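**Student:** Sharing a structure with you now.
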Amino acid sequence: MMGQNGERIGTVGALWRYPVQSMRGEALVEAEVGASGICGDRAYGVVDPEIGKAITSAGGKRKWRDLVTYTARFTAPPEPDAPMPPVEITLPDGTRFTGDLPDIDARLSKHLGRPVRFASLATAEAAYALSPLHLLTTATLRELGRHYPEGRFELARFRPNVVIDTGESTGFPETGWIGRELAIGESLRLRIADHCKRCVMTVLPQGDLPQDPAILQTVREHNATRAGIYAELLQPGAIRQGDEVRLLPNG
């Protein structure tokens with residue numbers, strides 16, 4: 001039932017921030033959302049000096065695929081309109097170091113086996129525009145799992161910022177939300193801009209997830225390679241686990 005305040009479609013089941021593009025991120029209980037998305041999301045990146053740009057998808061070229069196994073977290077909570085705090089980077093073998101070290105470029109280059117540069121994407125010459133917010137429903141994960149029960153359709157493979165818990169809903173509800181507006185919590189308002197097309201990053205091994213090409217094949221065959229949506233900001237606000245998510249009426 002669509003009322004004046006919209007249709008309740010679920011609640012915020014999980015929040016994630018990814019301080020370094022293409023690395024694993026950190027779970028949050030609450031966050032501020034502004035024009036660039038969740039504060040601190042993809043604040044830093046690893047720059048390929050051959051092209052002078054940040055590596056936006058570690059799955060695109062085999063030489064960068066180790067990046068998806070690295071984890072990044074802020075050493076202090078980031079704040080809007082303030083310099084980003086340093087990040088701590090953890091490698092699969094447990095090695096840890098912070099991004100503000102004078103030899104950070106050399107450390108990352110050594111572990112990746114080729115020259116790279118660590119940079120703030122807000123100020124780096126190689127900075128680029130990112131889709132501000134990435135949403136995914138539990139219904140979509142459940143539906144994909146129904147088509148391939150042996151697969152592990154876990155959040156780490158898809159890296160959403162906001163997971164919408166849609167209860168027992170099935171299918172791919174996000175497909176019908178393009179161009180619509182969402183209200184989350186007391187003040188956050190979003191416009192759904194586009195589908196999220198998936199790439200080989202979803203099949204790569206990371207943590208205890210094995211390599212599994214059938215993950216992407218299932219997404220391709222049953223939802224045109226789409227899983228999740230990108231949203232634009234209409235009105236900033238706080239977002240918290242458990243917040244109600246409403247689909248607003250057209251017009």
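Ordered as shown in the structure tokens, chains take letters A, B, and onward, while each chain numbers its residues from 1 and ligands are numbered from 1 in the order shown.
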Considering only C-alpha atoms, return as a list in words whatever protein or nucleic-acid residues lie within 6 Å of Leu248 of chain A, sequence-local ones (same chain, fewer than 3 positions apart) excluded.

**Tutor:**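 Surrounding residues, per the criterion: Gly6, Glu181 and Leu182 of chain A.
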
**Student:** Just want the 10 Å neighbourhood of Met84 of chain A, counted on only C-alpha atoms, with same-chain residues fewer than 6 positions away dropped. Output as a list in words.

**Tutor:**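 Skipping anything fewer than 6 positions along the chain leaves Pro19, Cys39, Gly40, Ala43, Tyr44, Phe74, Thr75, Ala76, Pro77, Pro78, Ser120 and Ala122 of chain A.
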
**Student:** Write the residues of the selection above to a file with N, CA, C and O atoms, as a PDB file, in the first residue's frame.

**Tutor:**
```
ATOM      1  N   PRO A  19      37.069   2.653   2.910  1.00  0.00           N
ATOM      2  CA  PRO A  19      37.975   3.804   2.930  1.00  0.00           C
ATOM      3  C   PRO A  19      38.930   3.871   1.741  1.00  0.00           C
ATOM      4  O   PRO A  19      39.303   4.957   1.313  1.00  0.00           O
ATOM      5  N   CYS A  39      30.223   9.390   4.581  1.00  0.00           N
ATOM      6  CA  CYS A  39      31.439  10.142   4.881  1.00  0.00           C
ATOM      7  C   CYS A  39      32.646   9.205   4.967  1.00  0.00           C
ATOM      8  O   CYS A  39      32.647   8.243   5.732  1.00  0.00           O
ATOM      9  N   GLY A  40      33.661   9.485   4.159  1.00  0.00           N
ATOM     10  CA  GLY A  40      34.879   8.696   4.158  1.00  0.00           C
ATOM     11  C   GLY A  40      34.895   7.550   3.182  1.00  0.00           C
ATOM     12  O   GLY A  40      35.935   6.897   2.996  1.00  0.00           O
ATOM     13  N   ALA A  43      37.657   7.319   0.193  1.00  0.00           N
ATOM     14  CA  ALA A  43      38.414   8.560   0.344  1.00  0.00           C
ATOM     15  C   ALA A  43      39.819   8.444  -0.233  1.00  0.00           C
ATOM     16  O   ALA A  43      40.418   9.442  -0.634  1.00  0.00           O
ATOM     17  N   TYR A  44      40.338   7.220  -0.256  1.00  0.00           N
ATOM     18  CA  TYR A  44      41.692   6.979  -0.745  1.00  0.00           C
ATOM     19  C   TYR A  44      41.664   5.959  -1.874  1.00  0.00           C
ATOM     20  O   TYR A  44      40.698   5.213  -2.043  1.00  0.00           O
ATOM     21  N   PHE A  74      39.474   3.238   8.971  1.00  0.00           N
ATOM     22  CA  PHE A  74      39.985   4.504   9.469  1.00  0.00           C
ATOM     23  C   PHE A  74      40.533   4.337  10.883  1.00  0.00           C
ATOM     24  O   PHE A  74      39.984   3.596  11.696  1.00  0.00           O
ATOM     25  N   THR A  75      41.589   5.064  11.177  1.00  0.00           N
ATOM     26  CA  THR A  75      42.163   5.047  12.522  1.00  0.00           C
ATOM     27  C   THR A  75      41.397   5.953  13.475  1.00  0.00           C
ATOM     28  O   THR A  75      41.585   5.887  14.692  1.00  0.00           O
ATOM     29  N   ALA A  76      40.549   6.808  12.928  1.00  0.00           N
ATOM     30  CA  ALA A  76      39.667   7.677  13.712  1.00  0.00           C
ATOM     31  C   ALA A  76      38.436   7.955  12.848  1.00  0.00           C
ATOM     32  O   ALA A  76      38.507   7.886  11.616  1.00  0.00           O
ATOM     33  N   PRO A  77      37.287   8.264  13.457  1.00  0.00           N
ATOM     34  CA  PRO A  77      36.082   8.513  12.663  1.00  0.00           C
ATOM     35  C   PRO A  77      36.260   9.732  11.744  1.00  0.00           C
ATOM     36  O   PRO A  77      36.644  10.807  12.212  1.00  0.00           O
ATOM     37  N   PRO A  78      35.982   9.581  10.454  1.00  0.00           N
ATOM     38  CA  PRO A  78      36.048  10.734   9.551  1.00  0.00           C
ATOM     39  C   PRO A  78      34.883  11.683   9.801  1.00  0.00           C
ATOM     40  O   PRO A  78      33.811  11.250  10.245  1.00  0.00           O
ATOM     41  N   SER A 120      45.006  10.402  -1.774  1.00  0.00           N
ATOM     42  CA  SER A 120      43.667  10.846  -1.417  1.00  0.00           C
ATOM     43  C   SER A 120      42.906  11.127  -2.700  1.00  0.00           C
ATOM     44  O   SER A 120      43.363  11.902  -3.546  1.00  0.00           O
ATOM     45  N   ALA A 122      40.232  12.739  -2.957  1.00  0.00           N
ATOM     46  CA  ALA A 122      39.621  14.069  -2.913  1.00  0.00           C
ATOM     47  C   ALA A 122      40.566  15.130  -3.465  1.00  0.00           C
ATOM     48  O   ALA A 122      40.133  16.167  -3.961  1.00  0.00           O
TER      49      ALA A 122
END
```

**Student:** Hey, what's within 8 Å of Arg73 of chain A if we count only C-alpha atoms and toss same-chain stuff fewer than 3 positions away? As a PyMOL selection string, please?

**Tutor:** chain A and resi 18-19+25-26+87-89

**Student:** Quick one: distance from atom CA of Lys63 of chain A to atom CA of Asp93 of chain A in Å, one decimal?

**Tutor:**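 Interatomic distance here is 18.6 Å.
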
**Student:** When you draw a straight line from atom CA of Leu234 of chain A to atom CA of Gly179 of chain A, how long is it in Å?

**Tutor:** 12.3 Å

**Student:** Measuring between only C-alpha atoms, which one of A:Gln211, A:Thr71, A:Ser36, A:Gln217 shows the shortest distance to Thr98 of chain A?

**Tutor:**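 Checking each of A:Gln211, A:Thr71, A:Ser36, A:Gln217 against Thr98 of chain A, counting only C-alpha atoms, the winner is A:Thr71.
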
**Student:** Might you pull out every residue within 7 Å of segment 135-145 of chain A, with only C-alpha atoms counted and same-chain residues fewer than 2 positions away left off, and present them as a ChimeraX atom specification?

**Tutor:** /A:133,147-149,151,153,160-166,169-172,218-219,227-230

**Student:** Determine the nearest neighbour of Asp48 of chain A from the options A:Ala119, A:Val200, A:Leu101, A:Met23, counting only C-alpha atoms.

**Tutor:** A:Ala119

**Student:** Report, in Å to a single decimal, how far apart atom CA of Thr202 of chain A and atom CA of Arg157 of chain A are.

**Tutor:**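 Computed distance, atom CA of Arg157 of chain A to atom CA of Thr202 of chain A, equals 4.6 Å.
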
**Student:** What's around Gly37 of chain A at 10 Å? Count only C-alpha atoms, leave out sequence neighbours fewer than 2 positions away in its own chain, and write the answer as a PyMOL selection string.

**Tutor:** chain A and resi 17+31-35+39-42+130-134+161+231-233+236

**Student:** Go ahead and save the picked residues with N, CA, C and O atoms, as a CSV table (one decimal), in the first residue's frame.

**Tutor:**
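Ended up saving to again.csv:
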```
chain,number,residue,atom,x,y,z
A,17,ARG,N,31.4,1.0,4.8
A,17,ARG,CA,32.2,2.0,4.2
A,17,ARG,C,33.5,1.4,3.7
A,17,ARG,O,34.0,0.5,4.4
A,31,ALA,N,26.0,6.4,10.1
A,31,ALA,CA,26.9,7.2,9.3
A,31,ALA,C,26.2,8.4,8.8
A,31,ALA,O,24.9,8.5,8.8
A,32,GLU,N,26.9,9.5,8.5
A,32,GLU,CA,26.4,10.6,7.8
A,32,GLU,C,26.5,10.5,6.3
A,32,GLU,O,27.6,10.0,5.8
A,33,VAL,N,25.5,10.8,5.6
A,33,VAL,CA,25.5,10.7,4.1
A,33,VAL,C,25.4,12.1,3.5
A,33,VAL,O,24.4,12.9,3.9
A,34,GLY,N,26.3,12.5,2.7
A,34,GLY,CA,26.4,13.8,2.0
A,34,GLY,C,26.4,13.6,0.5
A,34,GLY,O,26.1,12.5,0.0
A,35,ALA,N,26.9,14.7,-0.2
A,35,ALA,CA,26.9,14.6,-1.6
A,35,ALA,C,27.8,13.6,-2.2
A,35,ALA,O,27.5,13.1,-3.3
A,39,CYS,N,30.2,9.4,4.6
A,39,CYS,CA,31.4,10.1,4.9
A,39,CYS,C,32.6,9.2,5.0
A,39,CYS,O,32.6,8.2,5.7
A,40,GLY,N,33.7,9.5,4.2
A,40,GLY,CA,34.9,8.7,4.2
A,40,GLY,C,34.9,7.5,3.2
A,40,GLY,O,35.9,6.9,3.0
A,41,ASP,N,33.8,7.3,2.5
A,41,ASP,CA,33.7,6.2,1.6
A,41,ASP,C,34.6,6.5,0.4
A,41,ASP,O,34.5,7.5,-0.3
A,42,ARG,N,35.5,5.5,0.1
A,42,ARG,CA,36.5,5.6,-1.0
A,42,ARG,C,37.2,6.9,-1.0
A,42,ARG,O,37.4,7.6,-2.0
A,130,LEU,N,32.8,9.3,-8.4
A,130,LEU,CA,32.2,8.0,-8.0
A,130,LEU,C,30.7,8.1,-7.8
A,130,LEU,O,30.2,9.1,-7.4
A,131,SER,N,30.0,7.0,-8.1
A,131,SER,CA,28.6,6.9,-7.8
A,131,SER,C,28.5,7.1,-6.3
A,131,SER,O,29.2,6.3,-5.5
A,132,PRO,N,27.7,8.0,-5.7
A,132,PRO,CA,27.8,8.3,-4.3
A,132,PRO,C,27.3,7.2,-3.4
A,132,PRO,O,27.8,7.1,-2.3
A,133,LEU,N,26.3,6.4,-3.7
A,133,LEU,CA,25.8,5.4,-2.8
A,133,LEU,C,25.4,4.2,-3.5
A,133,LEU,O,24.7,4.2,-4.6
A,134,HIS,N,25.7,3.0,-3.0
A,134,HIS,CA,25.4,1.7,-3.6
A,134,HIS,C,24.5,0.9,-2.7
A,134,HIS,O,24.9,0.7,-1.5
A,161,ASN,N,27.1,-0.2,0.1
A,161,ASN,CA,27.1,0.7,1.2
A,161,ASN,C,26.0,0.5,2.1
A,161,ASN,O,26.1,0.5,3.4
A,231,ALA,N,22.5,5.3,-6.1
A,231,ALA,CA,21.6,6.3,-5.7
A,231,ALA,C,22.3,7.7,-5.7
A,231,ALA,O,23.5,7.8,-5.3
A,232,GLU,N,21.5,8.7,-6.0
A,232,GLU,CA,22.0,10.1,-5.9
A,232,GLU,C,21.4,10.8,-4.7
A,232,GLU,O,20.3,10.4,-4.3
A,233,LEU,N,22.1,11.7,-4.1
A,233,LEU,CA,21.6,12.4,-2.9
A,233,LEU,C,20.6,13.5,-3.3
A,233,LEU,O,20.9,14.4,-4.1
A,236,PRO,N,20.6,15.4,2.4
A,236,PRO,CA,21.6,14.7,3.3
A,236,PRO,C,20.9,14.3,4.6
A,236,PRO,O,19.9,14.9,5.0
```

**Student:** May I ask which of the residues A:Asp66, A:Glu150, A:Glu50, A:Asp81 is the closest one to Leu204 of chain A, counting only C-alpha atoms?

**Tutor:**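 Of the candidates, the smallest distance to Leu204 of chain A is held by A:Asp66.
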
**Student:** Quick one: residues within 7 Å of Lys197 of chain A, only C-alpha atoms, excluding same-chain residues fewer than 2 positions away - as a list in words?

**Tutor:** His195, Cys199, Thr225, Arg226 and Ala227 of chain A

**Student:** Could those selected residues go to a file with all heavy atoms, as a short mmCIF file (atom, residue, chain, number, x, y, z; two decimals), in the first residue's frame?

**Tutor:**
```cif
data_model
loop_
_atom_site.label_atom_id
_atom_site.label_comp_id
_atom_site.auth_asym_id
_atom_site.auth_seq_id
_atom_site.Cartn_x
_atom_site.Cartn_y
_atom_site.Cartn_z
N HIS A 195 21.06 0.89 -12.41
CA HIS A 195 21.40 -0.45 -11.94
C HIS A 195 22.91 -0.54 -11.70
O HIS A 195 23.70 0.24 -12.26
CB HIS A 195 21.02 -1.49 -13.00
CG HIS A 195 19.57 -1.53 -13.32
ND1 HIS A 195 18.63 -2.06 -12.49
CD2 HIS A 195 18.89 -1.09 -14.42
CE1 HIS A 195 17.43 -1.97 -13.04
NE2 HIS A 195 17.56 -1.38 -14.20
N CYS A 199 30.91 -7.21 -12.24
CA CYS A 199 32.11 -7.59 -12.99
C CYS A 199 32.77 -8.76 -12.29
O CYS A 199 32.23 -9.34 -11.34
CB CYS A 199 33.07 -6.40 -13.10
SG CYS A 199 33.80 -5.93 -11.51
N THR A 225 23.14 -9.34 -15.49
CA THR A 225 24.40 -8.92 -14.87
C THR A 225 24.19 -7.79 -13.87
O THR A 225 25.13 -7.10 -13.50
CB THR A 225 25.44 -8.50 -15.94
OG1 THR A 225 25.34 -9.37 -17.07
CG2 THR A 225 26.86 -8.62 -15.40
N ARG A 226 22.96 -7.62 -13.37
CA ARG A 226 22.68 -6.54 -12.42
C ARG A 226 22.45 -7.11 -11.02
O ARG A 226 21.80 -8.13 -10.86
CB ARG A 226 21.45 -5.76 -12.86
CG ARG A 226 21.57 -5.17 -14.26
CD ARG A 226 20.32 -4.46 -14.69
NE ARG A 226 19.14 -5.31 -14.66
CZ ARG A 226 18.04 -5.06 -15.36
NH1 ARG A 226 17.97 -4.00 -16.14
NH2 ARG A 226 17.00 -5.87 -15.28
N ALA A 227 23.00 -6.42 -10.03
CA ALA A 227 22.73 -6.77 -8.63
C ALA A 227 22.95 -5.52 -7.80
O ALA A 227 24.07 -5.13 -7.53
CB ALA A 227 23.64 -7.90 -8.15
#
```

**Student:** Please run DSSP on the backbone and report, as a PyMOL selection string, all residues within segment 27-242 of chain A that come out as helix (DSSP H, G or I).

**Tutor:** chain A and resi 62-69+104-112+138-147+155-158+173-177+200-203+213-223

**Student:** As JSON, numbers by chain, list the residues of segment 9-238 of chain A assigned to strand (DSSP E) by DSSP on the backbone atoms of this structure.

**Tutor:** {"A": [9, 10, 11, 12, 13, 14, 15, 16, 17, 26, 27, 28, 30, 31, 32, 33, 34, 37, 38, 44, 45, 46, 47, 48, 53, 54, 71, 72, 73, 74, 87, 88, 89, 90, 96, 97, 98, 117, 118, 119, 120, 133, 134, 135, 136, 137, 162, 163, 164, 165, 181, 182, 183, 184, 188, 189, 190, 191, 192, 193, 194, 195, 196, 197, 226, 227, 228, 229, 230, 231, 232, 233, 234, 235, 237, 238]}

**Student:** Can you pull out every residue within 12 Å of Pro205 of chain A, counting only C-alpha atoms, but drop anything in the same chain fewer than 4 positions away, and send it as a JSON list (two decimals) with all heavy atoms, in the first residue's frame?

**Tutor:**
```
[["chain", "number", "residue", "atom", "x", "y", "z"],
["A", 24, "ARG", "N", 38.73, -4.18, 0.86],
["A", 24, "ARG", "CA", 37.62, -4.51, 1.75],
["A", 24, "ARG", "C", 37.42, -3.38, 2.74],
["A", 24, "ARG", "O", 38.34, -2.61, 3.03],
["A", 24, "ARG", "CB", 37.90, -5.82, 2.45],
["A", 24, "ARG", "CG", 38.19, -6.97, 1.50],
["A", 24, "ARG", "CD", 38.53, -8.24, 2.22],
["A", 24, "ARG", "NE", 37.32, -8.90, 2.70],
["A", 24, "ARG", "CZ", 37.32, -9.96, 3.50],
["A", 24, "ARG", "NH1", 38.46, -10.46, 3.94],
["A", 24, "ARG", "NH2", 36.19, -10.51, 3.88],
["A", 59, "GLY", "N", 39.25, -6.09, -10.24],
["A", 59, "GLY", "CA", 38.97, -7.28, -11.01],
["A", 59, "GLY", "C", 39.23, -7.12, -12.49],
["A", 59, "GLY", "O", 39.30, -8.10, -13.23],
["A", 65, "ARG", "N", 44.46, -7.84, -8.75],
["A", 65, "ARG", "CA", 43.43, -8.60, -8.03],
["A", 65, "ARG", "C", 43.75, -8.84, -6.56],
["A", 65, "ARG", "O", 42.85, -9.11, -5.78],
["A", 65, "ARG", "CB", 43.14, -9.91, -8.76],
["A", 65, "ARG", "CG", 42.44, -9.65, -10.09],
["A", 65, "ARG", "CD", 42.01, -10.90, -10.80],
["A", 65, "ARG", "NE", 41.34, -10.56, -12.05],
["A", 65, "ARG", "CZ", 40.84, -11.45, -12.90],
["A", 65, "ARG", "NH1", 40.95, -12.74, -12.62],
["A", 65, "ARG", "NH2", 40.26, -11.07, -14.00],
["A", 66, "ASP", "N", 45.01, -8.74, -6.17],
["A", 66, "ASP", "CA", 45.34, -8.88, -4.75],
["A", 66, "ASP", "C", 44.70, -7.78, -3.91],
["A", 66, "ASP", "O", 44.49, -7.96, -2.71],
["A", 66, "ASP", "CB", 46.85, -8.88, -4.54],
["A", 66, "ASP", "CG", 47.49, -10.22, -4.88],
["A", 66, "ASP", "OD1", 46.74, -11.18, -5.14],
["A", 66, "ASP", "OD2", 48.73, -10.29, -4.91],
["A", 67, "LEU", "N", 44.38, -6.64, -4.53],
["A", 67, "LEU", "CA", 43.81, -5.52, -3.77],
["A", 67, "LEU", "C", 42.51, -5.92, -3.07],
["A", 67, "LEU", "O", 42.21, -5.41, -1.98],
["A", 67, "LEU", "CB", 43.54, -4.33, -4.70],
["A", 67, "LEU", "CG", 44.69, -3.37, -4.96],
["A", 67, "LEU", "CD1", 44.24, -2.29, -5.92],
["A", 67, "LEU", "CD2", 45.19, -2.76, -3.66],
["A", 68, "VAL", "N", 41.72, -6.80, -3.68],
["A", 68, "VAL", "CA", 40.44, -7.16, -3.07],
["A", 68, "VAL", "C", 40.63, -7.96, -1.79],
["A", 68, "VAL", "O", 39.67, -8.16, -1.03],
["A", 68, "VAL", "CB", 39.54, -7.95, -4.05],
["A", 68, "VAL", "CG1", 39.30, -7.17, -5.33],
["A", 68, "VAL", "CG2", 40.10, -9.33, -4.35],
["A", 69, "THR", "N", 41.84, -8.45, -1.53],
["A", 69, "THR", "CA", 42.11, -9.21, -0.31],
["A", 69, "THR", "C", 42.63, -8.32, 0.81],
["A", 69, "THR", "O", 42.77, -8.79, 1.94],
["A", 69, "THR", "CB", 43.13, -10.33, -0.58],
["A", 69, "THR", "OG1", 44.41, -9.76, -0.90],
["A", 69, "THR", "CG2", 42.68, -11.21, -1.74],
["A", 70, "TYR", "N", 42.93, -7.05, 0.52],
["A", 70, "TYR", "CA", 43.38, -6.12, 1.54],
["A", 70, "TYR", "C", 42.16, -5.50, 2.23],
["A", 70, "TYR", "O", 41.13, -5.29, 1.61],
["A", 70, "TYR", "CB", 44.21, -4.98, 0.93],
["A", 70, "TYR", "CG", 45.50, -5.39, 0.26],
["A", 70, "TYR", "CD1", 45.84, -6.72, 0.05],
["A", 70, "TYR", "CD2", 46.39, -4.42, -0.20],
["A", 70, "TYR", "CE1", 47.03, -7.08, -0.57],
["A", 70, "TYR", "CE2", 47.57, -4.77, -0.82],
["A", 70, "TYR", "CZ", 47.89, -6.10, -1.01],
["A", 70, "TYR", "OH", 49.06, -6.45, -1.63],
["A", 92, "PRO", "N", 46.42, -9.95, 3.78],
["A", 92, "PRO", "CA", 45.91, -11.28, 4.12],
["A", 92, "PRO", "C", 46.77, -12.04, 5.12],
["A", 92, "PRO", "O", 46.26, -12.87, 5.89],
["A", 92, "PRO", "CB", 45.88, -12.01, 2.77],
["A", 92, "PRO", "CG", 45.77, -10.92, 1.76],
["A", 92, "PRO", "CD", 46.53, -9.77, 2.32],
["A", 152, "ARG", "N", 28.02, -18.83, -2.64],
["A", 152, "ARG", "CA", 27.97, -17.99, -1.44],
["A", 152, "ARG", "C", 27.79, -16.54, -1.87],
["A", 152, "ARG", "O", 28.76, -15.83, -2.16],
["A", 152, "ARG", "CB", 29.24, -18.19, -0.61],
["A", 152, "ARG", "CG", 29.34, -19.59, -0.01],
["A", 152, "ARG", "CD", 30.65, -19.80, 0.70],
["A", 152, "ARG", "NE", 30.85, -18.85, 1.80],
["A", 152, "ARG", "CZ", 31.96, -18.78, 2.52],
["A", 152, "ARG", "NH1", 32.98, -19.59, 2.26],
["A", 152, "ARG", "NH2", 32.07, -17.90, 3.49],
["A", 154, "GLU", "N", 27.46, -13.53, -0.69],
["A", 154, "GLU", "CA", 27.68, -12.75, 0.52],
["A", 154, "GLU", "C", 28.03, -11.30, 0.19],
["A", 154, "GLU", "O", 28.50, -10.99, -0.91],
["A", 154, "GLU", "CB", 28.77, -13.41, 1.36],
["A", 154, "GLU", "CG", 28.38, -14.82, 1.80],
["A", 154, "GLU", "CD", 29.41, -15.47, 2.70],
["A", 154, "GLU", "OE1", 30.27, -14.74, 3.25],
["A", 154, "GLU", "OE2", 29.37, -16.71, 2.85],
["A", 156, "ALA", "N", 30.39, -9.37, 0.96],
["A", 156, "ALA", "CA", 31.78, -9.06, 0.60],
["A", 156, "ALA", "C", 32.01, -9.14, -0.90],
["A", 156, "ALA", "O", 32.88, -8.43, -1.44],
["A", 156, "ALA", "CB", 32.73, -10.00, 1.33],
["A", 157, "ARG", "N", 31.27, -9.98, -1.58],
["A", 157, "ARG", "CA", 31.45, -10.09, -3.04],
["A", 157, "ARG", "C", 30.88, -8.87, -3.77],
["A", 157, "ARG", "O", 31.34, -8.53, -4.86],
["A", 157, "ARG", "CB", 30.76, -11.34, -3.56],
["A", 157, "ARG", "CG", 31.38, -12.67, -3.12],
["A", 157, "ARG", "CD", 30.85, -13.79, -3.98],
["A", 157, "ARG", "NE", 31.30, -15.11, -3.56],
["A", 157, "ARG", "CZ", 32.48, -15.65, -3.88],
["A", 157, "ARG", "NH1", 33.33, -14.97, -4.62],
["A", 157, "ARG", "NH2", 32.78, -16.87, -3.46],
["A", 200, "VAL", "N", 33.97, -9.10, -12.73],
["A", 200, "VAL", "CA", 34.67, -10.28, -12.25],
["A", 200, "VAL", "C", 35.07, -10.17, -10.77],
["A", 200, "VAL", "O", 35.38, -11.18, -10.14],
["A", 200, "VAL", "CB", 35.91, -10.55, -13.13],
["A", 200, "VAL", "CG1", 37.00, -9.52, -12.86],
["A", 200, "VAL", "CG2", 36.44, -11.97, -12.94],
["A", 201, "MET", "N", 35.03, -8.96, -10.19],
["A", 201, "MET", "CA", 35.36, -8.83, -8.77],
["A", 201, "MET", "C", 34.47, -9.71, -7.89],
["A", 201, "MET", "O", 34.88, -10.14, -6.81],
["A", 201, "MET", "CB", 35.25, -7.37, -8.32],
["A", 201, "MET", "CG", 36.45, -6.53, -8.66],
["A", 201, "MET", "SD", 36.38, -4.87, -7.95],
["A", 201, "MET", "CE", 36.58, -5.22, -6.20],
["A", 209, "LEU", "N", 36.09, -16.56, 1.33],
["A", 209, "LEU", "CA", 35.29, -16.81, 0.13],
["A", 209, "LEU", "C", 36.18, -17.37, -0.99],
["A", 209, "LEU", "O", 37.21, -16.78, -1.31],
["A", 209, "LEU", "CB", 34.63, -15.52, -0.36],
["A", 209, "LEU", "CG", 33.54, -14.93, 0.54],
["A", 209, "LEU", "CD1", 33.09, -13.58, 0.00],
["A", 209, "LEU", "CD2", 32.36, -15.89, 0.63],
["A", 210, "PRO", "N", 35.78, -18.47, -1.59],
["A", 210, "PRO", "CA", 36.60, -19.05, -2.66],
["A", 210, "PRO", "C", 36.34, -18.37, -4.00],
["A", 210, "PRO", "O", 35.34, -17.65, -4.16],
["A", 210, "PRO", "CB", 36.11, -20.50, -2.71],
["A", 210, "PRO", "CG", 34.66, -20.38, -2.34],
["A", 210, "PRO", "CD", 34.59, -19.29, -1.31],
["A", 211, "GLN", "N", 37.23, -18.58, -4.94],
["A", 211, "GLN", "CA", 36.95, -18.13, -6.30],
["A", 211, "GLN", "C", 35.79, -18.95, -6.84],
["A", 211, "GLN", "O", 35.75, -20.17, -6.68],
["A", 211, "GLN", "CB", 38.18, -18.31, -7.20],
["A", 211, "GLN", "CG", 37.93, -17.86, -8.64],
["A", 211, "GLN", "CD", 39.20, -17.43, -9.33],
["A", 211, "GLN", "OE1", 40.12, -16.93, -8.70],
["A", 211, "GLN", "NE2", 39.24, -17.64, -10.63],
["A", 212, "ASP", "N", 34.84, -18.28, -7.48],
["A", 212, "ASP", "CA", 33.65, -18.97, -7.95],
["A", 212, "ASP", "C", 33.06, -18.24, -9.17],
["A", 212, "ASP", "O", 32.22, -17.35, -9.04],
["A", 212, "ASP", "CB", 32.60, -19.04, -6.83],
["A", 212, "ASP", "CG", 31.43, -19.94, -7.19],
["A", 212, "ASP", "OD1", 31.32, -20.35, -8.36],
["A", 212, "ASP", "OD2", 30.61, -20.24, -6.29],
["A", 213, "PRO", "N", 33.49, -18.61, -10.39],
["A", 213, "PRO", "CA", 32.98, -17.96, -11.60],
["A", 213, "PRO", "C", 31.47, -18.07, -11.77],
["A", 213, "PRO", "O", 30.85, -17.24, -12.44],
["A", 213, "PRO", "CB", 33.72, -18.70, -12.72],
["A", 213, "PRO", "CG", 34.94, -19.27, -12.07],
["A", 213, "PRO", "CD", 34.52, -19.60, -10.68],
["A", 215, "ILE", "N", 29.24, -17.43, -9.69],
["A", 215, "ILE", "CA", 28.55, -16.30, -9.06],
["A", 215, "ILE", "C", 28.15, -15.28, -10.12],
["A", 215, "ILE", "O", 26.97, -14.90, -10.23],
["A", 215, "ILE", "CB", 29.45, -15.65, -7.99],
["A", 215, "ILE", "CG1", 29.69, -16.60, -6.81],
["A", 215, "ILE", "CG2", 28.86, -14.32, -7.52],
["A", 215, "ILE", "CD1", 28.49, -16.81, -5.91]]
```

**Student:** Considering only C-alpha atoms, can you say which of A:Glu244, A:His111, A:Glu221, A:Gly52 comes closest to Gly13 of chain A?

**Tutor:**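 Between A:Glu244, A:His111, A:Glu221, A:Gly52, the residue approaching Gly13 of chain A most closely is A:Glu244.
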